[in-house]
$ cat my_file.cif   # mmCIF, C-alpha atoms
data_model
loop_
_atom_site.label_atom_id
_atom_site.label_comp_id
_atom_site.auth_asym_id
_atom_site.auth_seq_id
_atom_site.Cartn_x
_atom_site.Cartn_y
_atom_site.Cartn_z
CA MET A 1 -29.89 3.97 14.52
CA ASP A 2 -32.48 1.37 13.54
CA PHE A 3 -34.06 3.69 11.00
CA VAL A 4 -30.85 4.59 9.19
CA ARG A 5 -30.52 3.03 5.78
CA SER A 6 -27.31 1.43 4.55
CA PRO A 7 -25.18 3.51 2.17
CA ASP A 8 -26.55 4.08 -1.33
CA TRP A 9 -24.12 2.71 -3.91
CA PRO A 10 -23.17 4.54 -6.03
CA GLY A 11 -23.84 7.92 -4.46
CA ALA A 12 -23.62 11.50 -5.62
CA PRO A 13 -22.38 14.65 -3.85
CA GLN A 14 -24.97 16.88 -2.25
CA GLY A 15 -24.94 20.31 -0.65
CA ALA A 16 -23.31 23.61 -1.43
CA VAL A 17 -19.84 25.02 -1.85
CA ALA A 18 -17.97 25.61 1.42
CA THR A 19 -14.44 26.75 2.18
CA ASN A 20 -11.85 24.76 4.06
CA SER A 21 -11.22 25.60 7.70
CA ALA A 22 -10.95 22.44 9.77
CA ALA A 23 -7.24 21.96 9.04
CA ALA A 24 -6.49 25.25 10.81
CA ARG A 25 -8.68 24.40 13.77
CA TYR A 26 -7.15 21.02 14.44
CA GLY A 27 -3.64 21.51 13.12
CA THR A 28 -1.78 19.57 10.47
CA PRO A 29 1.12 17.09 10.64
CA THR A 30 4.63 18.35 9.89
CA GLY A 31 5.18 18.91 6.17
CA THR A 32 1.49 19.43 5.27
CA PRO A 33 0.23 22.57 3.50
CA PRO A 34 -0.51 25.57 5.75
CA PRO A 35 -4.16 25.72 6.89
CA VAL A 36 -6.66 28.48 6.20
CA GLY A 37 -9.78 29.48 8.06
CA ARG A 38 -10.51 29.59 11.78
CA ALA A 39 -7.71 29.82 14.29
CA THR A 40 -6.75 26.94 16.55
CA PRO A 41 -8.93 26.91 19.71
CA PRO A 42 -7.21 27.78 22.99
CA GLN A 43 -5.63 24.84 24.70
CA SER A 44 -6.52 23.75 28.22
CA PRO A 45 -3.87 24.75 30.79
CA ALA A 46 -1.30 22.03 31.43
CA PRO A 47 -1.15 20.46 34.91
CA PRO A 48 1.70 21.55 37.19
CA ALA A 49 5.03 19.90 36.46
CA GLY A 50 5.48 16.56 38.15
CA ARG A 51 1.77 16.04 38.75
CA VAL A 52 -0.48 13.80 36.66
CA PRO A 53 -4.24 14.16 37.11
CA ALA A 54 -5.59 10.96 38.61
CA PRO A 55 -8.88 9.45 37.43
CA ARG A 56 -11.82 9.63 39.76
CA PRO A 57 -11.63 6.64 42.10
CA ALA A 58 -14.28 3.97 41.79
CA PRO A 59 -16.25 2.72 44.81
CA GLY A 60 -13.89 0.81 47.08
CA GLY A 61 -10.95 3.13 46.51
CA ARG A 62 -9.78 1.59 43.21
CA ALA A 63 -9.23 3.68 40.09
CA ALA A 64 -12.20 3.65 37.71
CA PRO A 65 -11.67 1.65 34.49
CA PRO A 66 -11.39 3.62 31.22
CA ILE A 67 -14.66 4.66 29.61
CA PRO A 68 -15.20 2.56 26.45
CA VAL A 69 -15.92 4.58 23.29
CA LYS A 70 -16.86 3.06 19.95
CA ILE A 71 -15.47 4.76 16.82
CA LEU A 72 -16.08 3.70 13.22
CA ILE A 73 -13.38 3.80 10.54
CA ALA A 74 -15.31 4.04 7.29
CA GLY A 75 -14.81 4.86 3.63
CA GLY A 76 -14.67 3.36 0.18
CA PHE A 77 -12.81 0.29 -1.02
CA GLY A 78 -9.03 0.35 -0.75
CA VAL A 79 -8.68 3.75 0.96
CA GLY A 80 -6.70 2.49 3.98
CA LYS A 81 -9.25 1.58 6.66
CA THR A 82 -7.57 -1.70 7.66
CA THR A 83 -4.17 0.02 7.67
CA THR A 84 -5.57 2.79 9.89
CA VAL A 85 -6.86 0.35 12.50
CA GLY A 86 -3.68 -1.73 12.44
CA ALA A 87 -1.39 1.29 12.76
CA ILE A 88 -2.75 2.39 16.13
CA SER A 89 -4.31 -0.68 17.76
CA GLU A 90 -2.57 -1.72 20.96
CA ILE A 91 -3.68 -5.30 20.40
CA ALA A 92 -3.22 -7.48 17.35
CA PRO A 93 -6.11 -6.20 15.23
CA LEU A 94 -8.90 -8.54 14.27
CA THR A 95 -9.25 -8.54 10.50
CA THR A 96 -11.50 -10.44 8.13
CA GLU A 97 -9.29 -10.27 5.05
CA ALA A 98 -9.87 -12.53 2.06
CA GLU A 99 -7.75 -12.89 -1.05
CA MET A 100 -8.98 -10.94 -4.04
CA THR A 101 -9.68 -13.15 -7.04
CA SER A 102 -10.33 -12.65 -10.72
CA ALA A 103 -14.07 -12.66 -9.95
CA GLY A 104 -13.62 -9.19 -8.44
CA ILE A 105 -12.13 -7.66 -11.59
CA GLY A 106 -14.34 -4.79 -12.66
CA VAL A 107 -16.27 -4.98 -9.37
CA ASP A 108 -13.70 -4.11 -6.68
CA ASP A 109 -11.32 -1.38 -7.84
CA PRO A 110 -8.58 -0.60 -5.28
CA GLY A 111 -7.06 2.12 -7.46
CA VAL A 112 -3.85 2.30 -9.43
CA ARG A 113 -1.60 3.36 -6.54
CA THR A 114 -1.98 0.24 -4.44
CA ALA A 115 -0.61 -3.30 -4.40
CA LYS A 116 -3.65 -4.48 -2.43
CA THR A 117 -4.31 -8.22 -2.79
CA THR A 118 -6.82 -8.79 0.03
CA THR A 119 -10.13 -7.23 1.00
CA THR A 120 -12.17 -6.88 4.19
CA VAL A 121 -15.28 -9.03 4.01
CA ALA A 122 -16.83 -8.23 7.40
CA MET A 123 -15.00 -5.72 9.62
CA ASP A 124 -11.73 -4.76 11.27
CA PHE A 125 -11.40 -4.37 15.04
CA GLY A 126 -8.77 -2.82 17.25
CA CYS A 127 -8.51 -0.74 20.41
CA VAL A 128 -6.29 1.96 21.86
CA THR A 129 -6.16 3.55 25.31
CA ILE A 130 -6.11 7.34 25.03
CA ASP A 131 -5.45 7.88 28.76
CA ARG A 132 -6.44 6.31 32.07
CA SER A 133 -10.02 7.49 31.63
CA LEU A 134 -10.75 6.78 27.95
CA LYS A 135 -10.35 3.75 25.66
CA LEU A 136 -11.32 3.67 22.00
CA TYR A 137 -12.72 0.58 20.31
CA LEU A 138 -12.25 0.88 16.57
CA PHE A 139 -14.52 -0.84 14.06
CA GLY A 140 -13.49 -0.71 10.41
CA THR A 141 -16.34 -1.07 7.92
CA PRO A 142 -16.14 -3.04 4.67
CA GLY A 143 -15.86 -0.78 1.64
CA GLN A 144 -17.50 -2.84 -1.09
CA THR A 145 -21.00 -2.22 -2.33
CA ARG A 146 -22.25 -5.70 -1.51
CA PHE A 147 -21.38 -5.35 2.20
CA GLY A 148 -23.22 -2.05 2.70
CA PHE A 149 -26.00 -3.78 4.63
CA MET A 150 -23.59 -4.30 7.57
CA TRP A 151 -23.12 -0.60 8.25
CA ASP A 152 -26.31 -0.21 10.31
CA ASP A 153 -25.17 -2.83 12.82
CA LEU A 154 -21.60 -1.55 12.99
CA ALA A 155 -22.76 2.04 13.56
CA ARG A 156 -25.10 1.16 16.43
CA GLY A 157 -23.73 2.63 19.66
CA ALA A 158 -20.87 4.53 17.98
CA LEU A 159 -19.85 7.94 19.32
CA GLY A 160 -18.43 9.12 16.01
CA ALA A 161 -16.68 8.11 12.79
CA LEU A 162 -13.58 8.81 10.75
CA VAL A 163 -14.29 8.72 7.01
CA VAL A 164 -11.03 7.80 5.24
CA VAL A 165 -10.66 9.30 1.78
CA ASP A 166 -8.31 8.70 -1.14
CA SER A 167 -7.89 12.13 -2.75
CA SER A 168 -7.56 10.58 -6.21
CA ARG A 169 -10.90 8.69 -5.90
CA LEU A 170 -13.19 11.08 -4.05
CA ASP A 171 -16.38 9.58 -5.48
CA ASP A 172 -15.77 6.37 -3.48
CA CYS A 173 -16.43 8.16 -0.18
CA TYR A 174 -19.77 9.81 -1.06
CA PRO A 175 -21.85 6.87 0.24
CA ALA A 176 -20.06 6.95 3.61
CA ILE A 177 -20.57 10.70 4.03
CA ASP A 178 -24.23 10.41 3.04
CA PHE A 179 -24.70 7.58 5.54
CA PHE A 180 -23.33 9.49 8.53
CA GLU A 181 -25.19 12.66 7.59
CA ARG A 182 -28.48 10.73 7.53
CA ALA A 183 -27.58 8.97 10.78
CA GLU A 184 -26.70 12.35 12.36
CA LEU A 185 -23.53 10.76 13.71
CA PRO A 186 -20.58 13.14 14.28
CA PHE A 187 -17.78 12.41 11.84
CA ALA A 188 -14.53 13.81 10.52
CA VAL A 189 -13.00 13.30 7.09
CA GLY A 190 -9.38 12.10 7.02
CA VAL A 191 -7.63 12.35 3.66
CA ASN A 192 -5.05 9.56 3.46
CA ALA A 193 -1.80 10.89 2.00
CA PHE A 194 -0.76 8.05 -0.31
CA ASP A 195 2.96 8.35 -1.11
CA GLY A 196 3.06 11.40 1.17
CA ARG A 197 1.08 13.66 -1.14
CA LEU A 198 -2.50 14.52 -2.12
CA ALA A 199 -4.02 14.63 -5.58
CA HIS A 200 -5.87 17.85 -4.58
CA ASP A 201 -5.47 20.38 -1.81
CA LEU A 202 -7.80 20.29 1.20
CA GLY A 203 -9.84 23.28 0.05
CA ALA A 204 -10.64 21.62 -3.29
CA ILE A 205 -11.45 18.34 -1.53
CA ARG A 206 -13.91 20.05 0.83
CA TRP A 207 -15.62 21.66 -2.15
CA ALA A 208 -15.78 18.35 -4.06
CA LEU A 209 -17.23 16.48 -1.07
CA ALA A 210 -19.78 19.27 -0.45
CA ILE A 211 -19.36 18.98 3.31
CA GLY A 212 -20.23 21.82 5.65
CA ASP A 213 -17.68 23.97 7.40
CA HIS A 214 -18.60 22.23 10.68
CA VAL A 215 -17.19 18.90 9.43
CA PRO A 216 -13.46 18.59 10.24
CA LEU A 217 -11.26 17.82 7.24
CA VAL A 218 -7.68 16.75 7.96
CA GLN A 219 -4.77 15.16 6.15
CA PHE A 220 -3.20 12.09 7.76
CA ASP A 221 -1.05 9.05 7.01
CA ALA A 222 -2.85 5.75 7.68
CA ARG A 223 0.52 4.00 8.18
CA ASP A 224 1.72 6.34 10.94
CA ARG A 225 0.52 5.74 14.51
CA LEU A 226 0.82 9.36 15.66
CA SER A 227 -0.89 10.66 12.53
CA VAL A 228 -3.80 8.24 13.04
CA ARG A 229 -3.98 9.26 16.71
CA ASP A 230 -4.33 12.93 15.76
CA ALA A 231 -7.11 12.12 13.30
CA LEU A 232 -9.01 10.14 15.94
CA LEU A 233 -8.65 13.00 18.43
CA VAL A 234 -10.34 15.23 15.86
CA VAL A 235 -13.29 12.80 15.82
CA LEU A 236 -13.47 12.87 19.62
CA ASP A 237 -13.37 16.66 19.64
CA ARG A 238 -16.17 16.79 17.07
CA ALA A 239 -18.31 14.43 19.16
CA LEU A 240 -17.60 16.45 22.31
CA ASP A 241 -18.64 19.68 20.58
CA ARG A 242 -21.88 18.03 19.52
CA ALA A 243 -22.60 16.71 23.03
CA THR A 244 -21.84 20.12 24.57
CA ARG A 245 -24.23 21.89 22.21
CA GLU A 246 -27.00 19.38 22.84
CA ARG A 247 -26.55 19.70 26.60
CA GLY A 248 -26.94 23.46 26.30
CA ASP A 249 -30.18 23.23 24.27
#

$ encode --input "my_file.cif" --output "structure tokens"
Amino acid sequence: MDFVRSPDWPGAPQGAVATNSAAARYGTPTGTPPPVGRATPPQSPAPPAGRVPAPRPAPGGRAAPPIPVKILIAGGFGVGKTTTVGAISEIAPLTTEAEMTSAGIGVDDPGVRTAKTTTTVAMDFGCVTIDRSLKLYLFGTPGQTRFGFMWDDLARGALGALVVVDSSRLDDCYPAIDFFERAELPFAVGVNAFDGRLAHDLGAIRWALAIGDHVPLVQFDARDRLSVRDALLVVLDRALDRATRERGD
């Protein structure tokens, strides 16, 4: 990760036109538009009723502690990164919020659909235990141009990333997508449904972002714990696919 440059601000979309398919593969929350593309992968068989798989015991007969996994929550300014971390963290999230002042007018634009009055000036941090064998540590990146230099340090050691997108301000997420593509870090794109709706459908968003068909694209609600959980599971699945392919090479 040392060689990866911080995001270029502003950025521009790159790549070719691709059709949407990730929504079908990973499913969509209730009330979202029907997916198109690949079918949902077969699910692993459920354990017998009444039995819960136990984690492999650690030396000494005690259960092994959960494996720590670092995940980044990235995106442009005001897209819902802090809300995403706070919605699912099982601890009181660490935030570095500062009041927005008149000096930021014309520099930091949170969009017209938000009553945002604070901004992240360093990072957000939270954690959530997926099961007895896996625990996620979430690091939210700052979204402003002037804090782009911090992304290299925050991305070091991360397994994957969730790029949060506001469908009405797609250009704000180009630097984040470019950054993770250069870093070759597995990522998924989560379109935050402000007011429960999107400005564009997922197919049009995939085309506008110029992301390949291998990049998962899902709709989620940054305020809803279960919706955020599903988006993070997509990131984990993407990272697992990548690790499996590399192991087979």

$ resolve_selection --input "my_file.cif" --expression "the PyMOL selection byres ((chain A and resi 163) around 10)" --output "list of chain:residue names"
A:Leu72, A:Ile73, A:Ala74, A:Gly75, A:Gly76, A:Val79, A:Lys81, A:Gly160, A:Ala161, A:Leu162, A:Val164, A:Val165, A:Cys173, A:Tyr174, A:Ala176, A:Ile177, A:Phe180, A:Phe187, A:Ala188, A:Val189, A:Gly190, A:Val191, A:Asn192, A:Leu217, A:Val235

$ resolve_selection --input "my_file.cif" --expression "the PyMOL selection byres ((chain A and resi 130-137) around 7)" --output "compact mmCIF listing (two decimals) with C-alpha atoms, in the coordinates of the input"
# COMPACT_ATOMS: atom_id res chain seq x y z
CA PRO A 55 -8.88 9.45 37.43
CA PRO A 65 -11.67 1.65 34.49
CA PRO A 66 -11.39 3.62 31.22
CA ILE A 67 -14.66 4.66 29.61
CA PRO A 68 -15.20 2.56 26.45
CA VAL A 69 -15.92 4.58 23.29
CA LYS A 70 -16.86 3.06 19.95
CA ILE A 71 -15.47 4.76 16.82
CA GLY A 126 -8.77 -2.82 17.25
CA CYS A 127 -8.51 -0.74 20.41
CA VAL A 128 -6.29 1.96 21.86
CA THR A 129 -6.16 3.55 25.31
CA LEU A 138 -12.25 0.88 16.57
CA PHE A 139 -14.52 -0.84 14.06

$ residues_around --input "my_file.cif" --residues "segment 194-202 of chain A" --least-positions-apart "4" --cutoff "8 Å" --atoms "all atoms listed in the file" --output "number ranges by chain"
A: 20, 113, 166-168, 206, 217-219, 221

$ atom_distance --input "my_file.cif" --atom1 "atom CA of Val85 of chain A" --atom2 "atom CA of Asp241 of chain A"
24.0 Å

$ residues_around --input "my_file.cif" --residues "Val234 of chain A" --least-positions-apart "2" --cutoff "9 Å" --atoms "only C-alpha atoms" --output "PyMOL selection string"
chain A and resi 26+162+187-188+216+218+229-232+236-239

$ atom_distance --input "my_file.cif" --atom1 "atom CA of Phe220 of chain A" --atom2 "atom CA of Gly140 of chain A"
16.6 Å

$ atom_distance --input "my_file.cif" --atom1 "atom CA of Leu159 of chain A" --atom2 "atom CA of Leu233 of chain A"
12.3 Å

$ closest_residue --input "my_file.cif" --among "A:Arg62, A:Arg247, A:Leu240, A:Arg225" --to "Ile88 of chain A" --atoms "all atoms listed in the file"
A:Arg225

$ resolve_selection --input "my_file.cif" --expression "the PyMOL selection byres ((chain A and resi 87) around 7)" --output "list in words"
Thr83, Thr84, Val85, Gly86, Ile88, Ser89, Ala222, Arg223, Asp224 and Arg225 of chain A

$ write_last_selection --input "my_file.cif" --atoms "C-alpha atoms" --output "mmCIF file, keeping the file's coordinate frame"
data_model
loop_
_atom_site.group_PDB
_atom_site.id
_atom_site.type_symbol
_atom_site.label_atom_id
_atom_site.label_comp_id
_atom_site.auth_asym_id
_atom_site.auth_seq_id
_atom_site.Cartn_x
_atom_site.Cartn_y
_atom_site.Cartn_z
ATOM 1 C CA THR A 83 -4.170 0.020 7.670
ATOM 2 C CA THR A 84 -5.570 2.790 9.890
ATOM 3 C CA VAL A 85 -6.860 0.350 12.500
ATOM 4 C CA GLY A 86 -3.680 -1.730 12.440
ATOM 5 C CA ILE A 88 -2.750 2.390 16.130
ATOM 6 C CA SER A 89 -4.310 -0.680 17.760
ATOM 7 C CA ALA A 222 -2.850 5.750 7.680
ATOM 8 C CA ARG A 223 0.520 4.000 8.180
ATOM 9 C CA ASP A 224 1.720 6.340 10.940
ATOM 10 C CA ARG A 225 0.520 5.740 14.510
#
